[in-house]
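Reproduced below: my_file_8.tsv, with TSV, C-alpha atoms and all ligand atoms.
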chain	number	residue	atom	x	y	z
V	41	MET	CA	-37.10	7.42	27.05
V	42	ILE	CA	-33.92	7.13	29.08
V	43	ALA	CA	-31.03	8.44	27.02
V	44	ASP	CA	-28.21	6.17	28.22
V	45	GLY	CA	-29.14	3.12	26.15
V	46	ARG	CA	-29.86	1.16	29.31
V	47	PHE	CA	-32.85	-0.66	27.81
V	48	ASP	CA	-31.45	-1.17	24.31
V	49	ARG	CA	-31.49	-4.99	24.56
V	50	HIS	CA	-35.07	-4.98	25.85
V	51	LEU	CA	-36.29	-3.25	22.73
V	52	ARG	CA	-35.07	-6.18	20.61
V	53	LEU	CA	-37.39	-8.59	22.44
V	54	PRO	CA	-40.62	-9.33	20.52
V	55	GLY	CA	-43.58	-7.71	22.23
V	56	TRP	CA	-41.50	-5.64	24.67
V	57	ASP	CA	-43.13	-2.34	25.64
V	58	GLN	CA	-40.83	-0.19	27.75
V	59	ALA	CA	-43.37	2.65	27.92
V	60	ARG	CA	-45.96	0.41	29.57
V	61	LEU	CA	-43.42	-0.72	32.14
V	62	ARG	CA	-42.46	2.87	32.84
V	63	ALA	CA	-46.13	3.76	33.43
V	64	ALA	CA	-46.68	0.81	35.81
V	65	THR	CA	-46.88	0.75	39.60
V	66	ILE	CA	-46.12	-2.65	41.13
V	67	ILE	CA	-46.60	-3.32	44.84
V	68	VAL	CA	-44.12	-5.74	46.43
V	69	VAL	CA	-45.48	-7.14	49.70
V	70	GLY	CA	-42.65	-8.65	51.72
V	71	VAL	CA	-39.05	-7.59	51.11
V	72	GLY	CA	-37.18	-10.68	52.30
V	73	ALA	CA	-35.27	-12.99	49.98
V	74	LEU	CA	-38.09	-13.34	47.45
V	75	GLY	CA	-39.03	-9.66	47.59
V	76	ASN	CA	-35.38	-8.73	46.98
V	77	ALA	CA	-35.21	-10.91	43.87
V	78	VAL	CA	-38.55	-9.60	42.58
V	79	ALA	CA	-37.80	-5.91	43.24
V	80	GLN	CA	-34.31	-6.24	41.74
V	81	ALA	CA	-35.62	-7.78	38.51
V	82	LEU	CA	-38.53	-5.33	38.18
V	83	GLY	CA	-36.25	-2.37	38.84
V	84	LEU	CA	-33.67	-3.51	36.30
V	85	ALA	CA	-36.46	-4.01	33.74
V	86	GLY	CA	-37.48	-0.35	34.11
V	87	VAL	CA	-40.77	-0.56	35.98
V	88	GLY	CA	-41.70	3.07	36.69
V	89	ARG	CA	-42.75	2.82	40.32
V	90	LEU	CA	-42.32	0.17	42.99
V	91	LEU	CA	-44.14	0.35	46.31
V	92	LEU	CA	-42.39	-1.84	48.91
V	93	CYS	CA	-44.20	-2.95	52.05
V	94	ASP	CA	-42.52	-4.77	54.95
V	95	MET	CA	-42.30	-3.93	58.65
V	96	ASP	CA	-39.24	-6.07	59.46
V	97	ARG	CA	-35.61	-5.17	60.03
V	98	ILE	CA	-32.60	-6.87	58.48
V	99	GLU	CA	-30.90	-9.71	60.33
V	100	ALA	CA	-27.59	-11.33	59.45
V	101	SER	CA	-29.42	-14.45	58.18
V	102	ASN	CA	-31.06	-12.34	55.44
V	103	LEU	CA	-27.75	-11.42	53.83
V	104	SER	CA	-27.09	-14.75	52.09
V	105	ARG	CA	-30.33	-14.43	50.09
V	106	ALA	CA	-30.92	-10.71	49.61
V	107	PRO	CA	-28.93	-9.03	46.81
V	108	LEU	CA	-30.19	-5.53	47.67
V	109	PHE	CA	-28.84	-5.65	51.26
V	110	THR	CA	-25.25	-5.33	52.53
V	111	GLY	CA	-23.68	-6.14	55.87
V	112	ALA	CA	-23.90	-2.47	56.81
V	113	ASP	CA	-27.70	-2.76	56.61
V	114	ILE	CA	-28.14	-5.12	59.58
V	115	GLY	CA	-30.72	-3.58	61.91
V	116	ARG	CA	-32.15	-1.25	59.27
V	117	LEU	CA	-35.69	-1.50	57.93
V	118	LYS	CA	-35.78	-3.86	54.96
V	119	VAL	CA	-37.77	-1.38	52.87
V	120	GLU	CA	-35.22	1.41	53.43
V	121	ALA	CA	-32.22	-0.73	52.55
V	122	ALA	CA	-34.04	-2.14	49.51
V	123	ARG	CA	-34.84	1.40	48.34
V	124	ASP	CA	-31.15	2.29	48.61
V	125	GLY	CA	-30.15	-0.89	46.77
V	126	LEU	CA	-32.62	-0.14	43.98
V	127	ALA	CA	-31.33	3.44	43.67
V	128	ARG	CA	-27.94	1.98	42.73
V	129	ILE	CA	-29.19	-0.41	40.03
V	130	ALA	CA	-32.41	1.24	38.85
V	131	PRO	CA	-32.00	5.00	39.29
V	132	ASP	CA	-35.07	5.83	37.18
V	133	THR	CA	-37.49	3.70	39.17
V	134	VAL	CA	-39.44	5.63	41.80
V	135	VAL	CA	-39.41	3.57	45.00
V	136	ASP	CA	-41.96	4.32	47.73
V	137	ILE	CA	-41.82	2.42	51.00
V	138	ARG	CA	-44.19	1.48	53.83
V	139	ALA	CA	-42.60	0.01	56.94
V	140	ASP	CA	-45.82	-1.52	58.17
V	141	ARG	CA	-48.19	-4.43	57.83
V	142	LEU	CA	-50.06	-4.49	54.54
V	143	GLU	CA	-53.42	-3.63	56.09
V	144	HIS	CA	-52.01	-0.55	57.84
V	145	GLY	CA	-49.47	0.49	55.18
V	146	ILE	CA	-51.33	0.38	51.86
V	147	GLY	CA	-54.84	1.71	51.36
V	148	LEU	CA	-57.37	-0.29	49.36
V	149	ALA	CA	-57.62	2.47	46.75
V	150	GLU	CA	-53.87	2.27	46.25
V	151	LEU	CA	-54.05	-1.51	45.97
V	152	ARG	CA	-56.88	-1.24	43.46
V	153	ALA	CA	-55.01	1.30	41.34
V	154	ALA	CA	-51.78	-0.75	41.16
V	155	SER	CA	-50.84	-2.56	37.97
V	156	LEU	CA	-49.99	-5.67	39.96
V	157	VAL	CA	-49.33	-6.96	43.47
V	158	MET	CA	-46.38	-9.30	44.10
V	159	GLY	CA	-46.80	-11.55	47.14
V	160	CYS	CA	-43.34	-12.30	48.57
V	161	LEU	CA	-44.44	-13.47	52.00
V	162	ASP	CA	-43.21	-16.23	54.27
V	163	SER	CA	-46.31	-17.40	56.11
V	164	ARG	CA	-49.79	-18.57	55.24
V	165	ALA	CA	-51.30	-16.11	57.72
V	166	ALA	CA	-49.65	-13.17	55.92
V	167	ARG	CA	-50.82	-14.55	52.55
V	168	LEU	CA	-54.37	-14.80	53.84
V	169	ALA	CA	-54.20	-11.16	54.97
V	170	LEU	CA	-53.08	-10.26	51.44
V	171	ALA	CA	-55.81	-12.50	49.95
V	172	GLY	CA	-58.44	-10.55	51.91
V	173	ARG	CA	-57.19	-7.07	50.97
V	174	ARG	CA	-56.43	-8.02	47.39
V	175	GLY	CA	-59.84	-9.64	47.05
V	176	LEU	CA	-61.60	-6.47	48.21
V	177	ALA	CA	-59.53	-4.33	45.85
V	178	GLY	CA	-59.70	-6.77	42.93
V	179	ALA	CA	-56.02	-6.28	42.11
V	180	PRO	CA	-54.10	-8.77	39.94
V	181	TRP	CA	-51.68	-10.75	42.10
V	182	ILE	CA	-48.68	-13.02	41.55
V	183	ASP	CA	-47.72	-14.99	44.62
V	184	GLY	CA	-44.46	-16.81	45.22
V	185	ALA	CA	-43.15	-19.24	47.80
V	186	THR	CA	-39.92	-21.14	48.41
V	187	GLY	CA	-39.53	-24.43	50.23
V	188	PRO	CA	-36.65	-26.85	50.76
V	189	TRP	CA	-35.20	-27.30	47.20
V	190	SER	CA	-38.51	-26.22	45.76
V	191	GLY	CA	-40.68	-23.27	44.97
V	192	GLU	CA	-44.06	-22.19	43.63
V	193	VAL	CA	-45.22	-19.36	41.41
V	194	ARG	CA	-48.95	-18.70	41.53
V	195	PRO	CA	-50.49	-16.19	39.13
V	196	TYR	CA	-53.89	-14.88	40.20
V	197	LEU	CA	-54.40	-12.46	37.35
V	198	ALA	CA	-57.94	-13.02	36.06
V	199	PRO	CA	-60.57	-11.01	38.00
V	200	GLU	CA	-62.99	-13.97	38.00
V	201	GLY	CA	-60.30	-16.66	38.29
V	202	PRO	CA	-59.01	-18.60	41.29
V	203	CYS	CA	-57.19	-16.94	44.19
V	204	TYR	CA	-54.84	-18.11	46.91
V	205	GLY	CA	-57.74	-18.88	49.26
V	206	CYS	CA	-59.33	-21.18	46.65
V	207	GLY	CA	-56.44	-23.63	47.08
V	208	LEU	CA	-56.99	-24.01	50.84
V	209	THR	CA	-59.57	-26.09	52.68
V	210	PRO	CA	-62.10	-24.19	54.84
V	211	GLY	CA	-60.27	-25.63	57.87
V	212	GLU	CA	-56.91	-24.27	56.72
V	213	ARG	CA	-58.45	-20.85	56.10
V	214	ALA	CA	-60.19	-20.78	59.47
V	215	ALA	CA	-57.26	-22.14	61.49
V	216	ASP	CA	-54.82	-19.67	60.01
V	217	ASP	CA	-57.22	-16.82	60.25
V	218	ALA	CA	-57.94	-17.51	63.93
V	219	LEU	CA	-54.24	-17.88	64.72
V	220	ALA	CA	-53.41	-14.67	62.90
V	221	GLN	CA	-56.13	-12.82	64.81
V	222	VAL	CA	-54.93	-14.11	68.17
V	223	ARG	CA	-51.36	-13.11	67.37
V	224	ARG	CA	-52.47	-9.67	66.24
V	225	GLY	CA	-54.68	-9.30	69.27
V	226	CYS	CA	-51.60	-9.90	71.41
V	227	GLY	CA	-49.57	-7.43	69.33
V	228	LEU	CA	-47.39	-10.23	67.94
V	229	PRO	CA	-46.22	-10.37	64.33
V	230	ALA	CA	-47.38	-13.21	62.09
V	231	GLU	CA	-45.37	-16.40	62.59
V	232	PRO	CA	-42.80	-16.61	59.80
V	233	ASP	CA	-42.06	-19.89	58.09
V	234	SER	CA	-38.38	-20.46	58.91
V	235	ALA	CA	-37.86	-23.39	56.54
V	236	GLY	CA	-34.50	-23.68	54.79
V	237	ALA	CA	-33.94	-21.57	51.69
V	238	THR	CA	-31.06	-20.42	49.54
V	239	ALA	CA	-30.30	-17.50	47.23
V	240	PRO	CA	-30.48	-19.44	43.94
V	241	LEU	CA	-33.90	-20.79	44.89
V	242	SER	CA	-35.21	-17.34	45.86
V	243	ALA	CA	-33.71	-15.93	42.64
V	244	LEU	CA	-35.30	-18.70	40.56
V	245	VAL	CA	-38.77	-18.19	42.01
V	246	GLY	CA	-38.47	-14.39	42.24
V	247	ASN	CA	-37.24	-13.97	38.69
V	248	LEU	CA	-39.95	-16.20	37.28
V	249	MET	CA	-42.52	-14.14	39.21
V	250	ALA	CA	-40.95	-10.98	37.78
V	251	LEU	CA	-40.96	-12.36	34.24
V	252	LEU	CA	-44.68	-13.15	34.45
V	253	ALA	CA	-45.27	-9.72	36.00
V	254	LEU	CA	-43.52	-7.93	33.13
V	255	ARG	CA	-45.46	-9.93	30.56
V	256	HIS	CA	-48.74	-9.16	32.30
V	257	VAL	CA	-48.00	-5.44	32.50
V	258	MET	CA	-47.00	-5.37	28.82
V	259	GLY	CA	-50.24	-7.14	27.83
V	260	LEU	CA	-48.54	-10.41	26.80
V	261	ASP	CA	-49.93	-13.87	27.58
V	262	VAL	CA	-49.29	-15.35	31.02
V	263	PRO	CA	-50.19	-19.02	31.62
V	264	PRO	CA	-52.88	-19.30	34.32
V	265	ASP	CA	-51.43	-22.40	35.96
V	266	LEU	CA	-49.61	-22.57	39.25
V	267	LEU	CA	-46.01	-23.60	38.58
V	268	GLU	CA	-44.24	-26.01	40.93
V	269	LEU	CA	-40.44	-25.79	40.65
V	270	ASP	CA	-38.26	-28.66	41.81
V	271	GLY	CA	-34.78	-27.34	42.45
V	272	ALA	CA	-33.34	-30.83	42.96
V	273	THR	CA	-34.32	-32.15	39.52
V	274	GLY	CA	-34.72	-28.92	37.56
V	275	ARG	CA	-38.29	-29.85	36.64
V	276	SER	CA	-41.25	-27.51	36.66
V	277	VAL	CA	-44.82	-28.80	36.71
V	278	PRO	CA	-47.87	-26.69	35.82
V	279	VAL	CA	-50.82	-27.29	38.15
V	280	ARG	CA	-54.30	-26.24	37.12
V	281	GLN	CA	-55.94	-23.93	39.69
V	282	ARG	CA	-59.70	-23.97	40.17
V	283	ARG	CA	-61.94	-21.26	41.56
V	284	ASP	CA	-63.78	-22.37	44.70
V	285	PRO	CA	-67.25	-20.77	44.79
V	286	HIS	CA	-67.16	-21.02	48.62
V	287	CYS	CA	-63.82	-19.21	48.96
V	288	PRO	CA	-64.39	-16.15	51.21
V	289	TYR	CA	-61.94	-13.86	49.37
V	290	HIS	CA	-64.03	-13.07	46.30
V	291	HIS	CA	-66.08	-10.20	47.70
V	292	ARG	CA	-65.16	-7.08	45.69
V	293	LEU	CA	-65.80	-3.60	47.00
V	294	PRO	CA	-68.40	-1.67	45.00
V	295	ALA	CA	-67.65	1.82	43.73
V	296	ALA	CA	-66.73	4.17	46.59
V	297	ARG	CA	-67.55	7.87	46.96
V	298	PRO	CA	-64.38	10.00	47.15
V	299	LEU	CA	-64.12	11.85	50.46
V	300	SER	CA	-61.49	14.58	50.39
V	301	LEU	CA	-60.02	14.96	53.89
V	302	GLY	CA	-56.52	16.26	53.21
V	303	PRO	CA	-53.32	14.86	54.70
V	304	ASP	CA	-53.30	13.02	58.06
V	305	PRO	CA	-57.02	13.35	58.84
V	306	SER	CA	-58.54	12.82	62.29
V	307	VAL	CA	-61.67	10.93	63.33
V	308	GLY	CA	-63.40	14.32	63.60
V	309	ASP	CA	-62.45	15.20	60.01
V	310	LEU	CA	-63.88	11.87	58.84
V	311	CYS	CA	-67.13	12.21	60.78
V	312	ALA	CA	-67.59	15.81	59.56
V	313	GLY	CA	-67.56	14.48	55.98
V	314	LEU	CA	-70.27	11.87	56.63
V	315	PRO	CA	-74.03	12.09	57.33
V	316	ALA	CA	-74.97	12.25	61.03
V	317	ASP	CA	-76.39	8.69	61.05
V	318	ALA	CA	-73.24	7.15	59.48
V	319	VAL	CA	-70.89	4.79	61.36
V	320	PRO	CA	-67.50	4.48	59.60
V	321	LEU	CA	-65.91	1.05	60.05
V	322	ALA	CA	-62.24	0.08	60.17
V	323	TRP	CA	-61.27	-3.26	58.57
V	324	THR	CA	-59.12	-4.30	61.52
V	325	PRO	CA	-59.98	-3.67	65.19
V	326	PHE	CA	-58.33	-0.71	66.87
V	327	GLN	CA	-57.90	-0.15	70.59
V	328	LEU	CA	-60.06	2.23	72.63
V	329	ALA	CA	-58.86	1.44	76.14
V	330	VAL	CA	-56.87	-1.06	78.19
V	331	ALA	CA	-57.79	-2.83	81.42
V	332	CYS	CA	-55.98	-5.03	83.92
V	333	ARG	CA	-57.95	-8.08	85.02
V	334	ARG	CA	-55.70	-8.62	88.01
V	335	CYS	CA	-55.69	-5.22	89.74
V	336	GLY	CA	-58.49	-3.36	87.97
V	337	PHE	CA	-56.30	-0.66	86.37
V	338	ARG	CA	-58.09	0.99	83.42
V	339	ALA	CA	-57.04	3.68	80.97
V	340	GLU	CA	-58.29	5.20	77.72
V	341	ARG	CA	-55.57	4.38	75.21
V	342	PRO	CA	-56.83	4.88	71.65
V	343	GLY	CA	-54.53	3.54	68.96
V	344	ARG	CA	-53.47	0.32	67.33
V	345	VAL	CA	-53.74	-2.84	69.38
V	346	ALA	CA	-50.34	-3.37	71.00
V	347	ALA	CA	-49.06	-5.62	73.75
V	348	ALA	CA	-48.53	-3.73	77.02
V	349	ASP	CA	-48.11	-4.52	80.70
V	350	CYS	CA	-50.04	-3.02	83.61
V	351	PRO	CA	-48.14	-0.05	85.11
V	352	ARG	CA	-49.42	-1.03	88.59
V	353	CYS	CA	-48.99	-4.80	88.79
V	354	GLY	CA	-47.12	-5.86	85.64
V	355	ALA	CA	-49.81	-8.23	84.33
V	356	ARG	CA	-50.57	-8.21	80.59
V	357	LEU	CA	-53.21	-5.57	79.85
V	358	HIS	CA	-56.35	-6.52	77.92
V	359	PRO	CA	-57.36	-4.18	75.10
V	360	ARG	CA	-60.95	-3.03	74.55
V	361	THR	CA	-61.26	-2.82	70.78
V	362	SER	CA	-63.76	-1.62	68.20
V	363	LEU	CA	-64.25	-1.35	64.46
V	364	GLU	CA	-66.50	1.72	64.81
V	365	LEU	CA	-64.23	4.66	64.14
V	366	ASP	CA	-66.68	7.25	65.51
V	367	ARG	CA	-66.16	5.74	68.99
V	368	ALA	CA	-62.52	6.91	69.01
V	369	PRO	CA	-61.72	10.44	70.26
V	370	GLN	CA	-62.50	13.07	67.62
V	371	GLY	CA	-58.91	14.32	67.71
V	372	ALA	CA	-57.34	10.88	67.12
V	373	LYS	CA	-55.57	10.63	63.77
V	374	LEU	CA	-56.88	7.82	61.55
V	375	ARG	CA	-53.26	6.82	60.94
V	376	THR	CA	-52.69	6.14	64.63
V	377	LEU	CA	-55.73	3.83	64.63
V	378	GLY	CA	-54.16	1.80	61.80
V	379	VAL	CA	-56.20	3.26	58.91
V	380	PRO	CA	-53.81	3.90	56.00
V	381	ALA	CA	-54.00	6.83	53.56
V	382	ALA	CA	-56.08	6.09	50.45
V	383	GLU	CA	-58.15	3.59	52.41
V	384	ILE	CA	-61.66	2.65	51.30
V	385	LEU	CA	-63.92	2.42	54.35
V	386	ALA	CA	-67.29	0.77	54.75
V	387	VAL	CA	-69.84	3.12	56.32
V	388	ARG	CA	-72.89	1.66	58.08
V	389	ARG	CA	-76.12	3.53	57.37
V	390	PRO	CA	-79.70	2.70	58.37
V	391	ALA	CA	-80.33	1.43	54.82
V	392	GLY	CA	-77.13	-0.63	54.53
V	393	LEU	CA	-73.45	-0.16	53.77
V	394	ASP	CA	-71.90	2.72	51.81
V	395	TYR	CA	-68.25	3.01	50.86
V	396	VAL	CA	-66.02	6.07	50.93
V	397	GLU	CA	-62.52	6.45	49.52
V	398	LEU	CA	-60.26	8.68	51.63
V	399	CYS	CA	-58.35	11.14	49.47
V	401	ZN	ZN	-60.55	-17.69	46.12
V	402	ZN	ZN	-52.71	-4.53	87.05
Let me see the structure of the file written as structure tokens.
Ligand SMILES: [Zn+2]
Ligand SMILES: [Zn+2]
Amino acid sequence: MIADGRFDRHLRLPGWDQARLRAATIIVVGVGALGNAVAQALGLAGVGRLLLCDMDRIEASNLSRAPLFTGADIGRLKVEAARDGLARIAPDTVVDIRADRLEHGIGLAELRAASLVMGCLDSRAARLALAGRRGLAGAPWIDGATGPWSGEVRPYLAPEGPCYGCGLTPGERAADDALAQVRRGCGLPAEPDSAGATAPLSALVGNLMALLALRHVMGLDVPPDLLELDGATGRSVPVRQRRDPHCPYHHRLPAARPLSLGPDPSVGDLCAGLPADAVPLAWTPFQLAVACRRCGFRAERPGRVAAADCPRCGARLHPRTSLELDRAPQGAKLRTLGVPAAEILAVRRPAGLDYVELC
């Protein structure tokens, strides 16, 4: 226990369990206004480890809603500045950071092992990406969103309960998914929702998310309903969520075989650990080569799909992509193909799919 009496008032709350909070790892996906409020509250409460994931850098417009950032942080990675801010207010919380997209920054085994995932994202496409990864890992998830004078807190805590995708129509899922894939294919980030928002609203939604998170981690009851907050009237309305049996985000990964590859493994390391007939599959396409449709330029360029122009004629290059990791050069690092550490990979075998957990 921390000796400075920092958590003395917590211990007077019925049901409070500081030791469980200290043992918890909570992943915060998105470190904008909402992620700031969530991480601040969880850090102050004494959560043992926070894992922050966000690829963006700080702009001046973030400062009015982000208590962990200062004016000197403009241009810095959000996750780095948030880690520094948390070090000031929550020195005993271990803060790990990933300046990347969720699917490249946090492995499925890490997601599965977390106590909780906090969705602090600003677009439906990003939430759907989280819904897919979280669904595979089966991790409990609390999602939050702010709108003009309003907000929503959505707990998805029960393994067999509803998820974010259940609340969308098949058309909404497909349209967003297709758009997200096109943007990724072009190397563009997901389109953020730039609706109006203000610090008190982000704090209201973020702190309610954090309160439910703490209760969940400590084993206390959390209501299953989605909560709609109306900042103009002060009202909150619980909305019953229903599981949609046709929602595509309910497929859980079966048990995976641990595959010990050491730090920063290559494609060759991975293939050496698998049977000869095995084809390891990435979850998101990676690039093998690029080609110019105007002048015919071609080059092997293994790595993550990224927008690039033709060095000969300046036209946009088209990537040739694959999910089959054994098609990449043996020396290519899995990391450079977008496969995070602690990832769980599907492996195609003649008899069906196997799963391996990289460790
Ligand atoms: Zn669902
Ligand atoms: Zn060209």
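As for atom CA of Ala171 of chain V and atom CA of Gly205 of chain V, they are spaced 6.7 Å apart.
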Using only C-alpha atoms and all ligand atoms, what does the table of chain V residues within 6 Å of ligand ZN 402 (chain V) look like, with each row giving the shortest atom pair and its distance in Å to one decimal, sorted by chain and ascending number, as a Markdown table?
| residue | atom | partner | partner_atom | distance |
| --- | --- | --- | --- | --- |
| V:Cys332 | CA | V:ZN402 | ZN | 4.6 |
| V:Arg334 | CA | V:ZN402 | ZN | 5.2 |
| V:Cys335 | CA | V:ZN402 | ZN | 4.1 |
| V:Gly336 | CA | V:ZN402 | ZN | 6.0 |
| V:Phe337 | CA | V:ZN402 | ZN | 5.3 |
| V:Cys350 | CA | V:ZN402 | ZN | 4.6 |
| V:Arg352 | CA | V:ZN402 | ZN | 5.0 |
| V:Cys353 | CA | V:ZN402 | ZN | 4.1 |
| V:Gly354 | CA | V:ZN402 | ZN | 5.9 |
| V:Ala355 | CA | V:ZN402 | ZN | 5.4 |
Pick the closest to ligand ZN 401 (chain V) from V:Ser362, V:Thr238, V:Thr209, V:Gln327: which is it, counting only C-alpha atoms and all ligand atoms?
V:Thr209
Exercise answer, 10 Å around ligand ZN 401 (chain V) with all atoms listed in the file, as a ChimeraX atom specification
/V:171-172,175,196,200-208,282-291
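The closest residue to Thr133 of chain V, picked from V:Gly83, V:Pro298, V:Pro180, V:Gly274 and counting only C-alpha atoms, is V:Gly83.
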Determine the axis-aligned bounding box of all atoms of segment 304-315 of chain V present in the file, pad each side by 5 Å, and express its centre and edge lengths in Å to one decimal place as lines of an AutoDock Vina configuration file.
center_x = -63.7
center_y = 13.4
center_z = 59.8
size_x = 30.7
size_y = 14.9
size_z = 17.6
